[in-house]
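Data from data04.tsv: TSV, C-alpha atoms and all ligand atoms
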chain	number	residue	atom	x	y	z
A	1	MET	CA	-19.35	94.96	43.79
A	2	ILE	CA	-18.11	98.33	42.55
A	3	GLU	CA	-17.70	96.93	39.05
A	4	ALA	CA	-21.30	95.66	38.94
A	5	GLY	CA	-22.50	99.11	40.01
A	6	GLU	CA	-20.50	100.75	37.27
A	7	GLY	CA	-21.91	98.25	34.77
A	8	GLU	CA	-25.46	99.09	35.75
A	9	LEU	CA	-24.72	102.79	35.52
A	10	HIS	CA	-23.27	102.28	32.08
A	11	HIS	CA	-26.32	100.23	30.97
A	12	GLY	CA	-28.73	102.82	32.40
A	13	GLU	CA	-26.92	105.51	30.43
A	14	ALA	CA	-27.03	103.42	27.22
A	15	ILE	CA	-30.79	102.84	27.63
A	16	ARG	CA	-31.49	106.54	28.31
A	17	HIS	CA	-29.46	107.45	25.24
A	18	LYS	CA	-31.31	104.88	23.11
A	19	ILE	CA	-34.74	106.24	24.14
A	20	ALA	CA	-33.68	109.83	23.57
A	21	THR	CA	-32.43	108.99	20.07
A	22	LEU	CA	-35.31	106.74	18.98
A	23	PRO	CA	-36.58	107.97	15.65
A	24	LEU	CA	-39.85	109.83	16.20
A	25	LEU	CA	-42.93	108.16	14.85
A	26	PRO	CA	-43.63	109.83	11.53
A	27	SER	CA	-46.40	112.36	12.19
A	28	VAL	CA	-48.59	110.49	9.72
A	29	VAL	CA	-48.47	107.48	12.07
A	30	SER	CA	-49.54	109.40	15.19
A	31	ARG	CA	-52.36	110.98	13.21
A	32	LEU	CA	-53.48	107.64	11.76
A	33	LEU	CA	-53.64	106.11	15.21
A	34	LEU	CA	-56.14	108.76	16.22
A	35	LEU	CA	-58.52	108.10	13.28
A	36	ASN	CA	-61.59	105.97	13.85
A	37	PRO	CA	-61.71	102.94	11.49
A	38	ASP	CA	-65.52	102.92	11.76
A	39	ASP	CA	-65.90	106.38	10.19
A	40	ASP	CA	-67.29	106.26	6.64
A	41	ASN	CA	-64.47	108.36	5.24
A	42	PHE	CA	-61.72	106.53	7.15
A	43	LEU	CA	-60.04	105.04	4.05
A	44	ASP	CA	-60.12	108.41	2.27
A	45	GLU	CA	-58.43	110.01	5.27
A	46	VAL	CA	-55.78	107.28	5.32
A	47	HIS	CA	-55.19	107.86	1.63
A	48	HIS	CA	-54.95	111.60	2.18
A	49	LEU	CA	-52.48	111.24	5.08
A	50	ALA	CA	-50.39	108.55	3.40
A	51	ARG	CA	-49.93	110.66	0.28
A	52	GLN	CA	-48.25	113.32	2.41
A	53	ASP	CA	-45.47	110.94	3.38
A	54	PRO	CA	-43.78	109.29	0.38
A	55	THR	CA	-41.67	106.87	2.47
A	56	PHE	CA	-44.74	105.73	4.29
A	57	SER	CA	-46.75	105.32	1.05
A	58	PHE	CA	-43.95	103.24	-0.36
A	59	ARG	CA	-43.82	100.96	2.68
A	60	LEU	CA	-47.60	100.54	2.65
A	61	ILE	CA	-47.61	99.55	-1.03
A	62	GLN	CA	-44.68	97.21	-0.45
A	63	TYR	CA	-46.48	95.56	2.47
A	64	ALA	CA	-49.70	95.11	0.49
A	65	ALA	CA	-47.74	93.68	-2.44
A	66	ARG	CA	-45.93	91.22	-0.19
A	67	THR	CA	-49.22	89.91	1.19
A	68	CYS	CA	-50.57	89.62	-2.37
A	69	ARG	CA	-50.06	86.14	-3.78
A	70	SER	CA	-50.01	87.12	-7.45
A	71	SER	CA	-46.76	88.77	-8.52
A	72	ALA	CA	-48.47	90.13	-11.65
A	73	MET	CA	-50.87	92.02	-9.37
A	74	ALA	CA	-48.03	93.24	-7.16
A	75	ASP	CA	-46.58	95.35	-10.00
A	76	LYS	CA	-49.80	97.25	-10.39
A	77	PHE	CA	-50.31	98.26	-6.77
A	78	SER	CA	-51.16	101.89	-6.28
A	79	LEU	CA	-51.55	103.55	-2.90
A	80	ARG	CA	-55.33	103.34	-3.21
A	81	HIS	CA	-55.16	99.65	-4.12
A	82	ALA	CA	-52.88	99.00	-1.19
A	83	ILE	CA	-55.18	100.74	1.29
A	84	ALA	CA	-58.29	99.01	-0.07
A	85	ARG	CA	-56.55	95.66	0.02
A	86	LEU	CA	-55.26	95.99	3.56
A	87	GLY	CA	-58.65	97.11	4.83
A	88	SER	CA	-59.57	99.74	7.35
A	89	ARG	CA	-59.42	97.63	10.49
A	90	GLN	CA	-55.88	96.51	9.87
A	91	ILE	CA	-54.36	99.78	8.71
A	92	ALA	CA	-53.51	101.12	12.17
A	93	SER	CA	-51.76	97.93	13.23
A	94	ILE	CA	-49.87	97.68	9.95
A	95	VAL	CA	-48.80	101.30	10.32
A	96	ALA	CA	-47.52	100.59	13.83
A	97	SER	CA	-45.73	97.42	12.67
A	98	LEU	CA	-44.02	99.24	9.83
A	99	SER	CA	-42.88	102.03	12.16
A	100	LEU	CA	-41.56	99.49	14.63
A	101	THR	CA	-39.57	97.67	11.96
A	102	ASP	CA	-38.02	101.01	10.99
A	103	ALA	CA	-37.01	101.70	14.57
A	104	PHE	CA	-36.03	98.15	15.54
A	105	GLU	CA	-34.74	96.46	12.44
A	106	PRO	CA	-33.79	92.93	13.51
A	107	GLN	CA	-30.04	92.34	13.49
A	108	ASN	CA	-29.69	88.90	15.03
A	109	GLU	CA	-31.44	85.82	16.36
A	110	SER	CA	-32.54	87.45	19.64
A	111	ASP	CA	-34.09	90.37	17.73
A	112	ARG	CA	-35.94	88.02	15.41
A	113	ASN	CA	-37.22	85.93	18.34
A	114	LEU	CA	-38.52	89.08	20.00
A	115	TRP	CA	-40.28	90.06	16.78
A	116	LEU	CA	-41.81	86.59	16.57
A	117	HIS	CA	-42.96	86.88	20.20
A	118	SER	CA	-44.50	90.35	19.71
A	119	VAL	CA	-46.41	89.37	16.58
A	120	GLU	CA	-47.46	86.03	18.09
A	121	VAL	CA	-48.86	87.73	21.22
A	122	ALA	CA	-50.71	90.27	19.03
A	123	VAL	CA	-52.26	87.60	16.81
A	124	ALA	CA	-53.17	85.32	19.75
A	125	ALA	CA	-54.70	88.22	21.71
A	126	ARG	CA	-56.83	89.22	18.72
A	127	LYS	CA	-58.01	85.61	18.32
A	128	LEU	CA	-58.98	85.54	22.01
A	129	VAL	CA	-60.97	88.77	21.64
A	130	GLU	CA	-62.79	87.36	18.60
A	131	ALA	CA	-63.56	84.13	20.45
A	132	MET	CA	-64.88	86.00	23.52
A	133	PRO	CA	-67.36	88.51	22.05
A	134	ASP	CA	-69.09	89.12	25.40
A	135	LEU	CA	-65.98	91.00	26.55
A	136	GLN	CA	-66.73	93.69	23.95
A	137	LEU	CA	-63.06	94.54	23.58
A	138	ASP	CA	-61.75	96.48	20.59
A	139	ALA	CA	-59.76	93.84	18.68
A	140	GLU	CA	-57.47	96.39	17.00
A	141	LEU	CA	-56.62	98.17	20.25
A	142	ILE	CA	-55.77	94.83	21.84
A	143	TYR	CA	-53.69	93.87	18.80
A	144	LEU	CA	-51.71	97.11	19.00
A	145	GLY	CA	-51.27	96.93	22.77
A	146	ALA	CA	-50.04	93.36	22.40
A	147	LEU	CA	-47.72	94.22	19.52
A	148	LEU	CA	-46.13	96.99	21.59
A	149	HIS	CA	-46.29	95.31	25.02
A	150	ASP	CA	-42.57	94.43	25.05
A	151	ILE	CA	-41.36	97.60	23.33
A	152	GLY	CA	-39.00	98.11	26.29
A	153	ARG	CA	-37.21	94.88	25.39
A	154	PHE	CA	-36.56	96.16	21.85
A	155	VAL	CA	-34.91	99.23	23.39
A	156	ILE	CA	-32.84	97.16	25.84
A	157	PHE	CA	-31.73	94.81	23.05
A	158	GLN	CA	-30.45	97.70	20.98
A	159	ALA	CA	-28.96	99.71	23.85
A	160	ILE	CA	-27.10	96.74	25.36
A	161	PRO	CA	-26.11	94.38	22.54
A	162	GLU	CA	-24.78	91.72	24.93
A	163	GLY	CA	-27.93	92.06	27.10
A	164	PRO	CA	-30.14	89.32	25.57
A	165	ALA	CA	-27.44	86.64	25.91
A	166	ARG	CA	-26.66	87.61	29.52
A	167	ILE	CA	-30.36	87.81	30.42
A	168	ASP	CA	-30.98	84.39	28.84
A	169	GLU	CA	-28.19	82.94	30.98
A	170	HIS	CA	-30.72	83.25	33.82
A	171	GLN	CA	-32.83	80.66	31.96
A	172	TRP	CA	-36.08	82.47	32.64
A	173	ILE	CA	-39.18	80.51	31.73
A	174	THR	CA	-41.88	82.91	32.91
A	175	PRO	CA	-42.29	86.63	32.16
A	176	LEU	CA	-41.77	87.45	35.86
A	177	ALA	CA	-38.45	85.62	35.93
A	178	LEU	CA	-37.47	87.64	32.85
A	179	LEU	CA	-38.07	90.92	34.74
A	180	GLU	CA	-35.84	89.74	37.59
A	181	ALA	CA	-33.08	88.71	35.17
A	182	GLU	CA	-33.24	92.13	33.47
A	183	SER	CA	-33.02	94.01	36.75
A	184	ALA	CA	-30.01	91.92	37.78
A	185	ILE	CA	-28.19	92.57	34.49
A	186	CYS	CA	-29.38	96.03	33.41
A	187	GLY	CA	-30.42	97.73	36.65
A	188	THR	CA	-33.84	98.38	35.11
A	189	ASP	CA	-36.53	96.34	33.41
A	190	HIS	CA	-38.46	96.47	30.15
A	191	VAL	CA	-41.67	97.75	31.75
A	192	THR	CA	-39.92	100.89	32.99
A	193	VAL	CA	-38.09	101.29	29.68
A	194	GLY	CA	-41.32	100.61	27.74
A	195	ARG	CA	-43.12	103.38	29.65
A	196	GLN	CA	-40.36	105.84	28.72
A	197	ALA	CA	-40.43	104.76	25.06
A	198	CYS	CA	-44.24	105.19	24.91
A	199	GLU	CA	-43.90	108.69	26.37
A	200	HIS	CA	-41.19	109.53	23.85
A	201	TRP	CA	-43.38	108.28	21.01
A	202	GLU	CA	-46.55	109.89	22.38
A	203	ILE	CA	-48.38	106.58	22.08
A	204	PRO	CA	-52.12	107.06	22.84
A	205	ALA	CA	-53.04	106.53	26.52
A	206	PRO	CA	-55.09	103.29	26.20
A	207	ILE	CA	-52.11	101.53	24.61
A	208	ARG	CA	-49.62	103.14	27.00
A	209	ASP	CA	-51.65	101.84	29.97
A	210	ILE	CA	-51.48	98.31	28.57
A	211	VAL	CA	-47.69	98.49	28.07
A	212	ASP	CA	-47.27	99.97	31.54
A	213	ASN	CA	-49.27	97.23	33.27
A	214	HIS	CA	-48.59	94.15	31.21
A	215	HIS	CA	-46.62	92.53	34.05
A	216	ASN	CA	-48.97	93.69	36.79
A	217	TYR	CA	-50.92	90.54	37.64
A	218	ASP	CA	-53.10	91.99	40.36
A	219	LEU	CA	-54.76	95.11	38.99
A	220	PRO	CA	-57.52	96.85	40.96
A	221	VAL	CA	-61.09	96.30	39.70
A	222	GLU	CA	-63.12	98.79	41.78
A	223	THR	CA	-64.23	101.16	39.01
A	224	VAL	CA	-65.53	100.56	35.48
A	225	ALA	CA	-62.31	102.02	34.03
A	226	GLU	CA	-60.19	99.74	36.23
A	227	ARG	CA	-62.16	96.67	35.19
A	228	LEU	CA	-61.78	97.59	31.52
A	229	LEU	CA	-58.00	97.98	31.84
A	230	CYS	CA	-57.79	94.74	33.82
A	231	THR	CA	-59.72	92.85	31.11
A	232	ARG	CA	-57.58	94.30	28.32
A	233	VAL	CA	-54.37	93.55	30.17
A	234	GLY	CA	-55.61	90.10	31.24
A	235	VAL	CA	-56.24	89.01	27.64
A	236	ILE	CA	-52.77	90.19	26.58
A	237	GLN	CA	-51.16	88.47	29.57
A	238	ILE	CA	-52.83	85.19	28.55
A	239	ALA	CA	-51.44	85.63	25.01
A	240	ASP	CA	-48.01	86.54	26.47
A	241	PHE	CA	-47.84	83.40	28.64
A	242	TYR	CA	-49.10	81.37	25.67
A	243	SER	CA	-46.29	82.63	23.42
A	244	VAL	CA	-43.65	81.95	26.11
A	245	TYR	CA	-45.21	78.49	26.57
A	246	LEU	CA	-44.89	77.83	22.81
A	247	MET	CA	-41.23	78.85	22.90
A	248	ASN	CA	-40.45	76.45	25.74
A	249	HIS	CA	-42.62	73.48	24.73
A	250	ALA	CA	-42.29	71.83	21.36
A	251	ALA	CA	-45.46	69.99	20.30
A	252	GLY	CA	-45.43	66.68	22.17
A	253	GLU	CA	-45.08	63.24	20.65
A	254	PRO	CA	-47.67	60.61	21.63
A	255	VAL	CA	-46.33	58.13	24.16
A	256	GLU	CA	-46.72	54.50	23.17
A	257	GLY	CA	-50.34	53.46	22.74
A	258	GLU	CA	-51.62	57.04	23.29
A	259	SER	CA	-54.47	58.21	21.05
A	260	GLU	CA	-54.45	61.62	19.33
A	261	GLU	CA	-57.26	62.74	21.63
A	262	ALA	CA	-55.30	61.72	24.71
A	263	LEU	CA	-52.23	63.60	23.44
A	264	ALA	CA	-54.35	66.73	22.76
A	265	GLU	CA	-55.85	66.45	26.24
A	266	ARG	CA	-52.39	66.13	27.81
A	267	GLU	CA	-51.15	69.21	25.92
A	268	ARG	CA	-54.23	71.20	26.91
A	269	GLU	CA	-53.60	70.35	30.53
A	270	ALA	CA	-49.99	71.54	30.24
A	271	LEU	CA	-51.19	74.79	28.61
A	272	SER	CA	-53.91	75.28	31.25
A	273	HIS	CA	-51.25	74.83	33.90
A	274	ALA	CA	-49.04	77.47	32.20
A	275	LEU	CA	-51.97	79.94	32.11
A	276	GLU	CA	-53.01	79.36	35.73
A	277	PRO	CA	-51.18	82.39	37.21
A	278	ILE	CA	-53.07	84.77	34.88
A	279	LEU	CA	-56.46	83.15	35.36
A	280	ALA	CA	-56.01	83.37	39.13
A	281	GLY	CA	-54.93	87.03	38.78
A	282	ASN	CA	-56.26	89.55	36.26
A	283	GLY	CA	-57.85	86.75	34.21
A	284	SER	CA	-60.30	86.21	37.05
A	285	VAL	CA	-62.32	89.19	35.71
A	286	LEU	CA	-63.21	87.05	32.68
A	287	PRO	CA	-66.64	85.39	32.84
A	288	VAL	CA	-66.30	81.86	34.25
A	289	LYS	CA	-67.32	80.23	30.94
A	290	TYR	CA	-64.34	81.90	29.21
A	291	ARG	CA	-61.87	81.15	31.97
A	292	SER	CA	-62.40	77.44	31.41
A	293	LEU	CA	-62.24	77.93	27.62
A	294	VAL	CA	-59.08	79.95	26.96
A	295	ALA	CA	-56.69	76.96	26.84
A	296	ARG	CA	-59.06	75.16	24.44
A	297	ILE	CA	-59.41	78.26	22.21
A	298	LEU	CA	-55.64	78.73	22.01
A	299	GLN	CA	-55.05	75.06	21.35
A	300	GLN	CA	-57.65	74.96	18.56
A	301	GLN	CA	-56.30	78.17	17.04
A	302	GLY	CA	-52.63	77.24	17.53
A	303	ASP	CA	-51.86	76.39	13.90
A	304	ALA	CA	-53.78	79.44	12.62
A	305	ILE	CA	-51.94	81.72	15.09
A	306	MET	CA	-48.53	80.45	13.99
A	307	ALA	CA	-49.41	80.63	10.27
A	308	GLU	CA	-50.74	84.19	10.56
A	309	SER	CA	-47.73	85.32	12.60
A	310	LYS	CA	-45.40	83.94	9.94
A	311	ARG	CA	-47.34	85.68	7.17
A	312	ILE	CA	-47.10	89.02	9.00
A	313	LEU	CA	-43.36	88.60	9.69
A	314	ASP	CA	-42.76	87.75	6.02
A	315	ALA	CA	-44.71	90.82	4.91
A	316	LEU	CA	-42.62	92.96	7.28
A	317	GLY	CA	-39.48	91.50	5.74
A	318	ILE	CA	-38.49	89.68	8.94
A	319	THR	CA	-37.40	86.18	8.04
A	320	GLU	CA	-35.19	83.63	9.70
A	401	FE	FE	-43.08	91.85	28.94
A	402	FE	FE	-43.95	89.44	26.30
Output the structure of this file as structure tokens.
Ligand SMILES: [Fe+2]
Ligand SMILES: [Fe+2]
Amino acid sequence: MIEAGEGELHHGEAIRHKIATLPLLPSVVSRLLLLNPDDDNFLDEVHHLARQDPTFSFRLIQYAARTCRSSAMADKFSLRHAIARLGSRQIASIVASLSLTDAFEPQNESDRNLWLHSVEVAVAARKLVEAMPDLQLDAELIYLGALLHDIGRFVIFQAIPEGPARIDEHQWITPLALLEAESAICGTDHVTVGRQACEHWEIPAPIRDIVDNHHNYDLPVETVAERLLCTRVGVIQIADFYSVYLMNHAAGEPVEGESEEALAEREREALSHALEPILAGNGSVLPVKYRSLVARILQQQGDAIMAESKRILDALGITE
């Protein structure tokens, strides 16, 4: 018993140290996150800010070149080309992704899986927002919130190198089971650690609130602000459960005599079942027509979500 207590104390200390020594977001990043992509002069401002930080300019050009199919073109990329190519709506999320890869460069399989999960949740959440226009959610904010939702896990992975393997020994298959496994091993969980990391990085409040509540499945919905947070969080929770579902369920094979339609129907039922806890919780703020549609949307977009996630991971230099 005493040993376990000492272990937790040691882990708590390692996590606190990791947060305190996280590299600060370059000031250009914090300032970019505050710009409004809908302003006419947004791209000029990005250009102006990026020029002040040579490392950042270099990473931006490198990212744009990696997403550019023609290698001849890649040689000629200037900062202005890169910004124009990436487009205003994506700049903030690319900036955040690049900063995250600096801070949490993947070292092993667990790190890479966590990167895959974070990007997959971000891409799936953005697809959901696009497919549910009545929600009037800001797709980029949702993308960023989703990308950062498990930031606490990145910190835990780096602070306690043996953590991921020991946590996985608990064979968690839902996000809630993951929290319990973390508490048992580390004496804290990634929501608490994520909150501290967001404070350290001075992440804007709307994103911080998402990170802070992404495992709260029963948010209050009395006020307009509460409903908005609940909708934002609900969409990301659906994407989170979807990504965990993908990790645990390989695409099924048809059983003998089963048609493609029947197989698709069977898989949709399994996915609907996996999403049930969210749709009965925060997801219940979604209009009824969407609640019955989310599994279908994710199933139809499945290949596109995986392809886009892979493209983003490649551009960030994260490969298997
Ligand atoms: Fe999480
Ligand atoms: Fe997650």
For this session: Go through A:Val95, A:Arg291, A:His273, A:Asn41 and flag the residue nearest Phe56 in chain A, using all atoms listed in the file for the distances.
Result: A:Val95
Exercise. Within 7 Å of ligand FE 401 (chain A), counting all atoms listed in the file: which residues, as a ChimeraX atom specification?
Worked result: /A:149-150,175,190-191,214-215
Problem set entry | Within 8 Å of ligand FE 402 (chain A) (only C-alpha atoms and all ligand atoms), residues as JSON, numbers by chain | {"A": [117, 118, 121, 149, 150, 175, 237, 240, 241, 243, 244]}
Seminar exercise, completed: What separates CA of Leu176 in chain A and CA of Tyr217 in chain A is a distance of 9.8 Å
For this session: Mind checking which residues fall within 12 Å of Gly87 in chain A, counting all atoms listed in the file, ignoring those fewer than 5 positions away in the same chain, and posting them as number ranges by chain?
Result: A: 37-38, 42-44, 46-47, 60, 64, 80-82, 92-94
Problem set entry | d(CA of Ile156 in chain A, CA of Gln171 in chain A) in Å |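 Calculated distance between CA of Ile156 in chain A and CA of Gln171 in chain A is 17.6 Å.
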For this session: Around the point (-28.8, 99.8, 30.6) in the file's coordinates, collect all residues with an atom within 8 Å, using only C-alpha atoms, and return them as an NGL selection string.
Result: :A and (8-16 or 156 or 159-160 or 186-188)
For this session: Rank A:Arg31, A:Arg266, A:His200, A:His170 by their smallest atom-to-atom distance to Leu49 in chain A, using all atoms listed in the file, and report the top residue only.
Result: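 Among A:Arg31, A:Arg266, A:His200, A:His170, it is A:Arg31 that comes nearest to Leu49 in chain A.
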Exercise. If you count all atoms listed in the file, which residues fall within 9 Å of Ala139 in chain A, apart from same-chain ones fewer than 2 positions away, as a ChimeraX atom specification?
Worked result: /A:125-130,136-137,141-144
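CA of Gln52 in chain A sits 28.3 Å away from CA of Ala146 in chain A.
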Exercise. What's the 7 Å shell around Val211 in chain A, counting only C-alpha atoms, without same-chain residues fewer than 5 positions away, as a list in words?
Worked result: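 So the residues in contact are Gly145, Leu148, His149, Gly194 and Arg195 of chain A.
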